[in-house]
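Asks: Structure below; questions to follow.
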Amino acid sequence: MKPILAVALLVAVSASAVARAQEWNRAGLSDGALTASKASAAPAPKRDLTGIWDAGGQGIAGPGHESAPWTDWAKQKAASFRPGNGPRAVYENDINDPLSTVCDPTGFPRQVLYETRPFQIVQTPTQVLILYMFEKRWRVVWTDGRALPKDPDPRWYGYSVGHWEDDDTFVVNTIGTDERTWLDNSGNPHSADLKVEERYHRVNHDLMELTVTLDDPKAYTRPWMPRNRMPLALAPANFDMMEMICSPTEVMDFRKNISERTNNK
Amino acid sequence: MKASYLGIVLGIFTVAAIAAPVGAHHGTASFDTSKDLTLKGTVTDWIWANPHCFLKFDAMDETGTVRNWAVEVSNPTDMTKRGWARSSFKVGDAVTVNLQPVKNGAPIGRLRSVTLPDGSTLTAMGPAPAAAAPAP
């Protein structure tokens, strides 16, 4: 058997395993499904991202992102952040990540930078709705032609407007985020002035790529791109997402049984 | 020549294993990553919850003392992908647990793999098994 055939067989076996998988409570797609989506010959429908998408393991980004250099403002802002990952990681019981320790909302853009688990896109005539498995939250992206608000109150998930750059590329611009949220597990901060651009480029029927650019001169010395063409595969139509919710009750139980007993002091 | 092609395929798996993400919400600072402990024990609780599932079990240490261990794995989503389930353990199950303990000597750790009463093994680190079919 030639190597290329062996790999193709491997992909085919993985893909068929996905097709046979149960209809309830799906955790996500296998990396095999992602590989198969890249080889799909079916063309993308025009101006349509409808469906459930998953980046497989690539969406998780547990260790956090390597950011552009911090400004002095960012250094001051993040001085009190005690992350569980990255170069400033602390012992488990010392972590103060507002998401994992007290179940504050993930917020945006962390929602697309950290646990990018399966999400569903629903399109209406005036909105694109993005429904996330992680935390079971949603975002509204306005497509009715409105401009972004002037000087908005901060929101955990910001304010978003979107437009089609071409038949395959949907661009979302977001402002008005809440600077209490971290960008990732390594405690990268952001300011309320942050501007986020998301580009959803549909490559073919089964594959989409997400690029996220952050422009936050108050916190970073230059714009940077934590997601660069991250591939997302289209899930089968019968895919039923699991719940994945931060429950304070469960977190307190975990802290009592594990975190509080890991101290090295 | 066939064997070398197999080698290529295994090589791909190995690369995938190295690149496999850790779904945990925290890093490894608390854990003694150089230690590898295998304990035979009896399950006292199995918590299927976020941010981490954890297994509690009684096991006897080298001094003959029984201690109640609590060892974490990843969240229900990641563990489902590995073929684990809410029903993977019941109280009283005899299990063999391979784990990485915390540095401070407490009976706490991260579970690497566990052998169930029926002899099958569930893994919590490294590459996810290809055919992990979650229970309904």
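Chain lettering (A, B, ...) mirrors the order of the structure tokens, residue numbering begins at 1 for each chain separately, and ligand numbering begins at 1 in order of display.
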List the neighbours of A:Gly158 out to 7 Å using only C-alpha atoms; skip same-chain residues closer than 3 positions along the sequence, and give me the result as number ranges by chain.

Replies: A: 108, 154-155, 174-177

Asks: Which polymer residues have any atom within 6 Å of an atom of stretch 97-105 of chain B, counting only C-alpha atoms, with same-chain residues fewer than 3 positions away left out, as a PyMOL selection string?

Replies: (chain A and resi 264) or (chain B and resi 30-32+35-39+108-114)

Asks: Grab the residues selected above and save them as an mmCIF file, in the first residue's frame with C-alpha atoms.

Replies:
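Saved file again-v4.cif follows:
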```cif
data_model
loop_
_atom_site.group_PDB
_atom_site.id
_atom_site.type_symbol
_atom_site.label_atom_id
_atom_site.label_comp_id
_atom_site.auth_asym_id
_atom_site.auth_seq_id
_atom_site.Cartn_x
_atom_site.Cartn_y
_atom_site.Cartn_z
ATOM 1 C CA ASN A 264 2.866 24.090 48.001
ATOM 2 C CA SER B 30 1.206 22.107 40.943
ATOM 3 C CA PHE B 31 2.093 18.637 39.700
ATOM 4 C CA ASP B 32 5.296 16.647 39.906
ATOM 5 C CA LYS B 35 6.590 11.164 39.102
ATOM 6 C CA ASP B 36 4.659 8.172 37.868
ATOM 7 C CA LEU B 37 2.554 6.431 40.498
ATOM 8 C CA THR B 38 0.391 3.338 40.023
ATOM 9 C CA LEU B 39 -2.105 2.510 42.770
ATOM 10 C CA ILE B 108 -4.066 14.577 44.901
ATOM 11 C CA GLY B 109 -3.001 14.203 41.313
ATOM 12 C CA ARG B 110 -3.692 14.086 37.622
ATOM 13 C CA LEU B 111 -4.859 10.766 36.269
ATOM 14 C CA ARG B 112 -2.927 9.353 33.336
ATOM 15 C CA SER B 113 -4.807 6.093 32.794
ATOM 16 C CA VAL B 114 -7.082 3.752 34.702
#
```

Asks: Apply DSSP to the backbone of this structure and, from stretch 47-215 of chain A, keep only the residues in strand (DSSP E or B); write these as a ChimeraX atom specification.

Replies: /A:51-54,70,119-123,127-132,134,137-142,155,159-166,169-175,177,195-202,207-215

Asks: Find the spatial neighbours of B:Arg67, counting only C-alpha atoms, within a cut-off of 8 Å - ignore same-chain residues fewer than 3 positions away - and output them as a PDB file with C-alpha atoms, in the first residue's frame.

Replies:
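Written output follows (selection_5.pdb):
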```pdb
ATOM      1  CA  ASP B  58      -9.152   4.586  48.552  1.00  0.00           C
ATOM      2  CA  ALA B  59      -5.687   3.076  48.112  1.00  0.00           C
ATOM      3  CA  MET B  60      -3.040   1.702  50.461  1.00  0.00           C
ATOM      4  CA  ASP B  61       0.393   3.331  50.286  1.00  0.00           C
ATOM      5  CA  PRO B 107      -3.166  12.401  47.892  1.00  0.00           C
TER       6      PRO B 107
END
```

Asks: Hey, what's within 7 Å of stretch 73-81 of chain A if we count only C-alpha atoms and toss same-chain stuff fewer than 6 positions away? As number ranges by chain, please?

Replies: A: 96, 187, 189, 218-219

Asks: Just to be explicit: take each residue in the selection above, keep N, CA and C atoms, and write the result as a PDB file, in the first residue's frame.

Replies:
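Result went into part-v8.pdb, see below:
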```
ATOM      1  N   ASN A  96      -6.517  33.049  39.563  1.00  0.00           N
ATOM      2  CA  ASN A  96      -7.713  33.904  39.755  1.00  0.00           C
ATOM      3  C   ASN A  96      -8.390  34.232  38.419  1.00  0.00           C
ATOM      4  N   GLY A 187      -3.657  34.910  30.577  1.00  0.00           N
ATOM      5  CA  GLY A 187      -3.870  36.202  31.223  1.00  0.00           C
ATOM      6  C   GLY A 187      -3.471  37.389  30.372  1.00  0.00           C
ATOM      7  N   PRO A 189      -4.345  40.676  28.746  1.00  0.00           N
ATOM      8  CA  PRO A 189      -5.451  41.603  29.009  1.00  0.00           C
ATOM      9  C   PRO A 189      -5.929  42.267  27.719  1.00  0.00           C
ATOM     10  N   LYS A 218      -4.170  50.655  23.196  1.00  0.00           N
ATOM     11  CA  LYS A 218      -4.002  50.949  24.625  1.00  0.00           C
ATOM     12  C   LYS A 218      -3.254  49.801  25.325  1.00  0.00           C
ATOM     13  N   ALA A 219      -3.460  48.575  24.851  1.00  0.00           N
ATOM     14  CA  ALA A 219      -2.878  47.408  25.533  1.00  0.00           C
ATOM     15  C   ALA A 219      -1.711  46.763  24.778  1.00  0.00           C
TER      16      ALA A 219
END
```

Asks: What lies within 12 Å of A:Asp206 using only C-alpha atoms, ignoring chain neighbours under 4 positions off, as an MDAnalysis selection string?

Replies: chainID A and resid 33:45 48:55 201:202 231:237

Asks: Could those residues be written to a file, using N, CA and C atoms, as an mmCIF file, in the first residue's frame?

Replies:
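The new file result_8.cif reads:
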```
data_model
loop_
_atom_site.group_PDB
_atom_site.id
_atom_site.type_symbol
_atom_site.label_atom_id
_atom_site.label_comp_id
_atom_site.auth_asym_id
_atom_site.auth_seq_id
_atom_site.Cartn_x
_atom_site.Cartn_y
_atom_site.Cartn_z
ATOM 1 N N ALA A 33 -12.305 14.284 10.762
ATOM 2 C CA ALA A 33 -13.358 15.025 10.053
ATOM 3 C C ALA A 33 -12.803 16.321 9.483
ATOM 4 N N LEU A 34 -11.872 16.926 10.233
ATOM 5 C CA LEU A 34 -11.250 18.160 9.767
ATOM 6 C C LEU A 34 -10.407 17.894 8.515
ATOM 7 N N THR A 35 -9.665 16.799 8.550
ATOM 8 C CA THR A 35 -8.846 16.433 7.392
ATOM 9 C C THR A 35 -9.729 16.157 6.189
ATOM 10 N N ALA A 36 -10.836 15.442 6.422
ATOM 11 C CA ALA A 36 -11.748 15.106 5.321
ATOM 12 C C ALA A 36 -12.364 16.380 4.730
ATOM 13 N N SER A 37 -12.654 17.366 5.592
ATOM 14 C CA SER A 37 -13.286 18.593 5.096
ATOM 15 C C SER A 37 -12.358 19.344 4.152
ATOM 16 N N LYS A 38 -11.047 19.235 4.418
ATOM 17 C CA LYS A 38 -10.083 19.940 3.558
ATOM 18 C C LYS A 38 -10.047 19.330 2.163
ATOM 19 N N ALA A 39 -10.389 18.043 2.093
ATOM 20 C CA ALA A 39 -10.343 17.352 0.801
ATOM 21 C C ALA A 39 -11.686 17.411 0.073
ATOM 22 N N SER A 40 -12.684 18.049 0.699
ATOM 23 C CA SER A 40 -14.017 18.067 0.095
ATOM 24 C C SER A 40 -14.007 18.782 -1.254
ATOM 25 N N ALA A 41 -14.706 18.184 -2.226
ATOM 26 C CA ALA A 41 -14.767 18.784 -3.568
ATOM 27 C C ALA A 41 -16.047 19.581 -3.760
ATOM 28 N N ALA A 42 -16.965 19.484 -2.792
ATOM 29 C CA ALA A 42 -18.255 20.167 -2.953
ATOM 30 C C ALA A 42 -18.057 21.676 -2.798
ATOM 31 N N PRO A 43 -18.591 22.473 -3.699
ATOM 32 C CA PRO A 43 -18.392 23.923 -3.609
ATOM 33 C C PRO A 43 -19.181 24.540 -2.451
ATOM 34 N N ALA A 44 -18.705 25.679 -1.975
ATOM 35 C CA ALA A 44 -19.397 26.394 -0.892
ATOM 36 C C ALA A 44 -20.660 27.050 -1.436
ATOM 37 N N PRO A 45 -21.758 27.008 -0.698
ATOM 38 C CA PRO A 45 -22.917 27.811 -1.091
ATOM 39 C C PRO A 45 -22.572 29.296 -0.918
ATOM 40 N N ASP A 48 -23.434 31.979 2.728
ATOM 41 C CA ASP A 48 -24.167 31.081 3.625
ATOM 42 C C ASP A 48 -23.176 30.330 4.518
ATOM 43 N N LEU A 49 -23.261 30.597 5.838
ATOM 44 C CA LEU A 49 -22.400 29.886 6.795
ATOM 45 C C LEU A 49 -23.238 28.994 7.708
ATOM 46 N N THR A 50 -24.486 28.805 7.347
ATOM 47 C CA THR A 50 -25.415 28.065 8.191
ATOM 48 C C THR A 50 -24.880 26.671 8.510
ATOM 49 N N GLY A 51 -24.977 26.285 9.780
ATOM 50 C CA GLY A 51 -24.568 24.943 10.169
ATOM 51 C C GLY A 51 -23.770 24.954 11.454
ATOM 52 N N ILE A 52 -23.360 23.773 11.882
ATOM 53 C CA ILE A 52 -22.529 23.640 13.083
ATOM 54 C C ILE A 52 -21.093 23.396 12.643
ATOM 55 N N TRP A 53 -20.183 24.169 13.231
ATOM 56 C CA TRP A 53 -18.775 24.137 12.841
ATOM 57 C C TRP A 53 -17.911 23.776 14.045
ATOM 58 N N ASP A 54 -16.828 23.052 13.763
ATOM 59 C CA ASP A 54 -15.925 22.681 14.865
ATOM 60 C C ASP A 54 -14.487 22.628 14.373
ATOM 61 N N ALA A 55 -13.596 23.150 15.199
ATOM 62 C CA ALA A 55 -12.171 23.167 14.860
ATOM 63 C C ALA A 55 -11.445 21.953 15.432
ATOM 64 N N HIS A 201 -14.020 32.635 6.348
ATOM 65 C CA HIS A 201 -13.861 32.383 4.912
ATOM 66 C C HIS A 201 -14.248 30.935 4.612
ATOM 67 N N ARG A 202 -15.306 30.781 3.834
ATOM 68 C CA ARG A 202 -15.750 29.425 3.517
ATOM 69 C C ARG A 202 -14.965 28.931 2.306
ATOM 70 N N PRO A 231 -8.834 26.245 10.711
ATOM 71 C CA PRO A 231 -9.843 25.486 9.966
ATOM 72 C C PRO A 231 -10.973 24.990 10.862
ATOM 73 N N LEU A 232 -12.185 25.037 10.314
ATOM 74 C CA LEU A 232 -13.385 24.551 10.999
ATOM 75 C C LEU A 232 -14.140 23.647 10.031
ATOM 76 N N ALA A 233 -14.511 22.478 10.521
ATOM 77 C CA ALA A 233 -15.239 21.532 9.655
ATOM 78 C C ALA A 233 -16.735 21.623 9.933
ATOM 79 N N LEU A 234 -17.519 21.413 8.889
ATOM 80 C CA LEU A 234 -18.979 21.409 9.029
ATOM 81 C C LEU A 234 -19.417 20.067 9.623
ATOM 82 N N ALA A 235 -20.201 20.135 10.696
ATOM 83 C CA ALA A 235 -20.679 18.916 11.350
ATOM 84 C C ALA A 235 -21.913 18.381 10.620
ATOM 85 N N PRO A 236 -22.203 17.072 10.789
ATOM 86 C CA PRO A 236 -23.413 16.536 10.178
ATOM 87 C C PRO A 236 -24.658 17.253 10.704
ATOM 88 N N ALA A 237 -25.701 17.259 9.915
ATOM 89 C CA ALA A 237 -26.915 18.012 10.268
ATOM 90 C C ALA A 237 -27.566 17.493 11.550
#
```

Asks: May I ask for the distance between atom CA of B:Val91 and atom CA of A:Glu243, given in Å to one decimal place?

Replies: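 If I compute the distance from atom CA of B:Val91 to atom CA of A:Glu243, I get 25.0 Å.
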
Asks: Env of stretch 42-46 of chain B: 6 Å cut, atoms = only C-alpha atoms, seq-sep filter 4 positions within chain, self excluded. Answer as a list in words.

Replies: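 Non-adjacent residues within range: Leu55, Lys56, Phe57, Asp58, Val91, Gly92, Asp93 and Ala94 of chain B.
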
Asks: Could you write out that same residue set with C-alpha atoms as a CSV table (one decimal), in the first residue's frame?

Replies:
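Just written: out_7.csv:
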```
chain,number,residue,atom,x,y,z
B,55,LEU,CA,-12.1,10.3,40.5
B,56,LYS,CA,-11.9,9.6,44.3
B,57,PHE,CA,-10.6,6.3,45.5
B,58,ASP,CA,-9.2,4.6,48.6
B,91,VAL,CA,-18.7,3.3,43.9
B,92,GLY,CA,-16.9,0.1,45.0
B,93,ASP,CA,-15.2,-0.6,41.6
B,94,ALA,CA,-11.7,-2.1,41.9
```

Asks: Name the residues in contact with B:Thr115 at a cut-off of 10 Å, using only C-alpha atoms, excluding same-chain residues fewer than 3 positions from it; report them as a list in words.

Replies: Lys40, Ala94, Val95, Thr96, Val97, Asn98, Asp118, Gly119, Ser120, Thr121, Leu122 and Thr123 of chain B

Asks: To one decimal place, how far is atom CA of A:Arg88 from atom CA of A:His190 in Å?

Replies: 16.5 Å

Asks: Which distance in Å separates atom CA of A:Ile245 and atom CA of A:Glu115, to one decimal?

Replies: 11.6 Å

Asks: Can you list, as a list in words, every residue of stretch 30-235 of chain A that DSSP puts in alpha helix (DSSP H)?

Replies: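 In stretch 30-235 of chain A, DSSP puts these residues in alpha helix (DSSP H): Asp31, Gly32, Ala33, Leu34, Thr35, Ala36, Ser37, Lys38, Asp72, Trp73, Ala74, Lys75, Gln76, Lys77, Pro98, Leu99, Ser100, Thr101, Val102, Arg110, Gln111, Val112 and Leu113 of chain A.
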
Asks: Those same residues, written as a PDB file, in the first residue's frame with N, CA and C atoms?

Replies:
```pdb
ATOM      1  N   ASP A  31     -10.382  14.946  14.587  1.00  0.00           N
ATOM      2  CA  ASP A  31      -9.454  15.608  13.669  1.00  0.00           C
ATOM      3  C   ASP A  31      -9.547  14.986  12.279  1.00  0.00           C
ATOM      4  N   GLY A  32     -10.007  13.715  12.215  1.00  0.00           N
ATOM      5  CA  GLY A  32     -10.205  13.068  10.915  1.00  0.00           C
ATOM      6  C   GLY A  32     -11.254  13.794  10.087  1.00  0.00           C
ATOM      7  N   ALA A  33     -12.305  14.284  10.762  1.00  0.00           N
ATOM      8  CA  ALA A  33     -13.358  15.025  10.053  1.00  0.00           C
ATOM      9  C   ALA A  33     -12.803  16.321   9.483  1.00  0.00           C
ATOM     10  N   LEU A  34     -11.872  16.926  10.233  1.00  0.00           N
ATOM     11  CA  LEU A  34     -11.250  18.160   9.767  1.00  0.00           C
ATOM     12  C   LEU A  34     -10.407  17.894   8.515  1.00  0.00           C
ATOM     13  N   THR A  35      -9.665  16.799   8.550  1.00  0.00           N
ATOM     14  CA  THR A  35      -8.846  16.433   7.392  1.00  0.00           C
ATOM     15  C   THR A  35      -9.729  16.157   6.189  1.00  0.00           C
ATOM     16  N   ALA A  36     -10.836  15.442   6.422  1.00  0.00           N
ATOM     17  CA  ALA A  36     -11.748  15.106   5.321  1.00  0.00           C
ATOM     18  C   ALA A  36     -12.364  16.380   4.730  1.00  0.00           C
ATOM     19  N   SER A  37     -12.654  17.366   5.592  1.00  0.00           N
ATOM     20  CA  SER A  37     -13.286  18.593   5.096  1.00  0.00           C
ATOM     21  C   SER A  37     -12.358  19.344   4.152  1.00  0.00           C
ATOM     22  N   LYS A  38     -11.047  19.235   4.418  1.00  0.00           N
ATOM     23  CA  LYS A  38     -10.083  19.940   3.558  1.00  0.00           C
ATOM     24  C   LYS A  38     -10.047  19.330   2.163  1.00  0.00           C
ATOM     25  N   ASP A  72       2.581  49.700  28.689  1.00  0.00           N
ATOM     26  CA  ASP A  72       2.647  49.872  30.143  1.00  0.00           C
ATOM     27  C   ASP A  72       1.266  49.749  30.759  1.00  0.00           C
ATOM     28  N   TRP A  73       0.249  50.223  30.047  1.00  0.00           N
ATOM     29  CA  TRP A  73      -1.131  50.089  30.539  1.00  0.00           C
ATOM     30  C   TRP A  73      -1.476  48.611  30.740  1.00  0.00           C
ATOM     31  N   ALA A  74      -1.109  47.778  29.738  1.00  0.00           N
ATOM     32  CA  ALA A  74      -1.415  46.348  29.820  1.00  0.00           C
ATOM     33  C   ALA A  74      -0.678  45.698  30.991  1.00  0.00           C
ATOM     34  N   LYS A  75       0.570  46.113  31.186  1.00  0.00           N
ATOM     35  CA  LYS A  75       1.352  45.538  32.304  1.00  0.00           C
ATOM     36  C   LYS A  75       0.682  45.839  33.636  1.00  0.00           C
ATOM     37  N   GLN A  76       0.201  47.071  33.750  1.00  0.00           N
ATOM     38  CA  GLN A  76      -0.470  47.471  34.982  1.00  0.00           C
ATOM     39  C   GLN A  76      -1.805  46.729  35.128  1.00  0.00           C
ATOM     40  N   LYS A  77      -2.533  46.650  34.010  1.00  0.00           N
ATOM     41  CA  LYS A  77      -3.837  45.991  34.022  1.00  0.00           C
ATOM     42  C   LYS A  77      -3.714  44.519  34.442  1.00  0.00           C
ATOM     43  N   PRO A  98     -11.047  34.756  36.064  1.00  0.00           N
ATOM     44  CA  PRO A  98     -12.457  34.946  36.423  1.00  0.00           C
ATOM     45  C   PRO A  98     -13.391  33.934  35.759  1.00  0.00           C
ATOM     46  N   LEU A  99     -12.959  33.343  34.677  1.00  0.00           N
ATOM     47  CA  LEU A  99     -13.786  32.337  34.013  1.00  0.00           C
ATOM     48  C   LEU A  99     -13.761  31.012  34.776  1.00  0.00           C
ATOM     49  N   SER A 100     -12.582  30.491  35.044  1.00  0.00           N
ATOM     50  CA  SER A 100     -12.519  29.137  35.597  1.00  0.00           C
ATOM     51  C   SER A 100     -12.687  29.097  37.104  1.00  0.00           C
ATOM     52  N   THR A 101     -12.504  30.237  37.800  1.00  0.00           N
ATOM     53  CA  THR A 101     -12.601  30.177  39.264  1.00  0.00           C
ATOM     54  C   THR A 101     -13.949  30.651  39.809  1.00  0.00           C
ATOM     55  N   VAL A 102     -14.604  31.577  39.107  1.00  0.00           N
ATOM     56  CA  VAL A 102     -15.913  32.038  39.602  1.00  0.00           C
ATOM     57  C   VAL A 102     -16.984  32.027  38.521  1.00  0.00           C
ATOM     58  N   ARG A 110     -12.561  36.337  23.976  1.00  0.00           N
ATOM     59  CA  ARG A 110     -12.037  35.070  24.484  1.00  0.00           C
ATOM     60  C   ARG A 110     -12.833  33.888  23.936  1.00  0.00           C
ATOM     61  N   GLN A 111     -14.128  34.105  23.712  1.00  0.00           N
ATOM     62  CA  GLN A 111     -14.971  33.015  23.218  1.00  0.00           C
ATOM     63  C   GLN A 111     -14.425  32.416  21.912  1.00  0.00           C
ATOM     64  N   VAL A 112     -13.797  33.235  21.077  1.00  0.00           N
ATOM     65  CA  VAL A 112     -13.250  32.681  19.827  1.00  0.00           C
ATOM     66  C   VAL A 112     -11.742  32.453  19.888  1.00  0.00           C
ATOM     67  N   LEU A 113     -11.143  32.773  21.050  1.00  0.00           N
ATOM     68  CA  LEU A 113      -9.692  32.588  21.168  1.00  0.00           C
ATOM     69  C   LEU A 113      -9.321  31.417  22.059  1.00  0.00           C
TER      70      LEU A 113
END
```
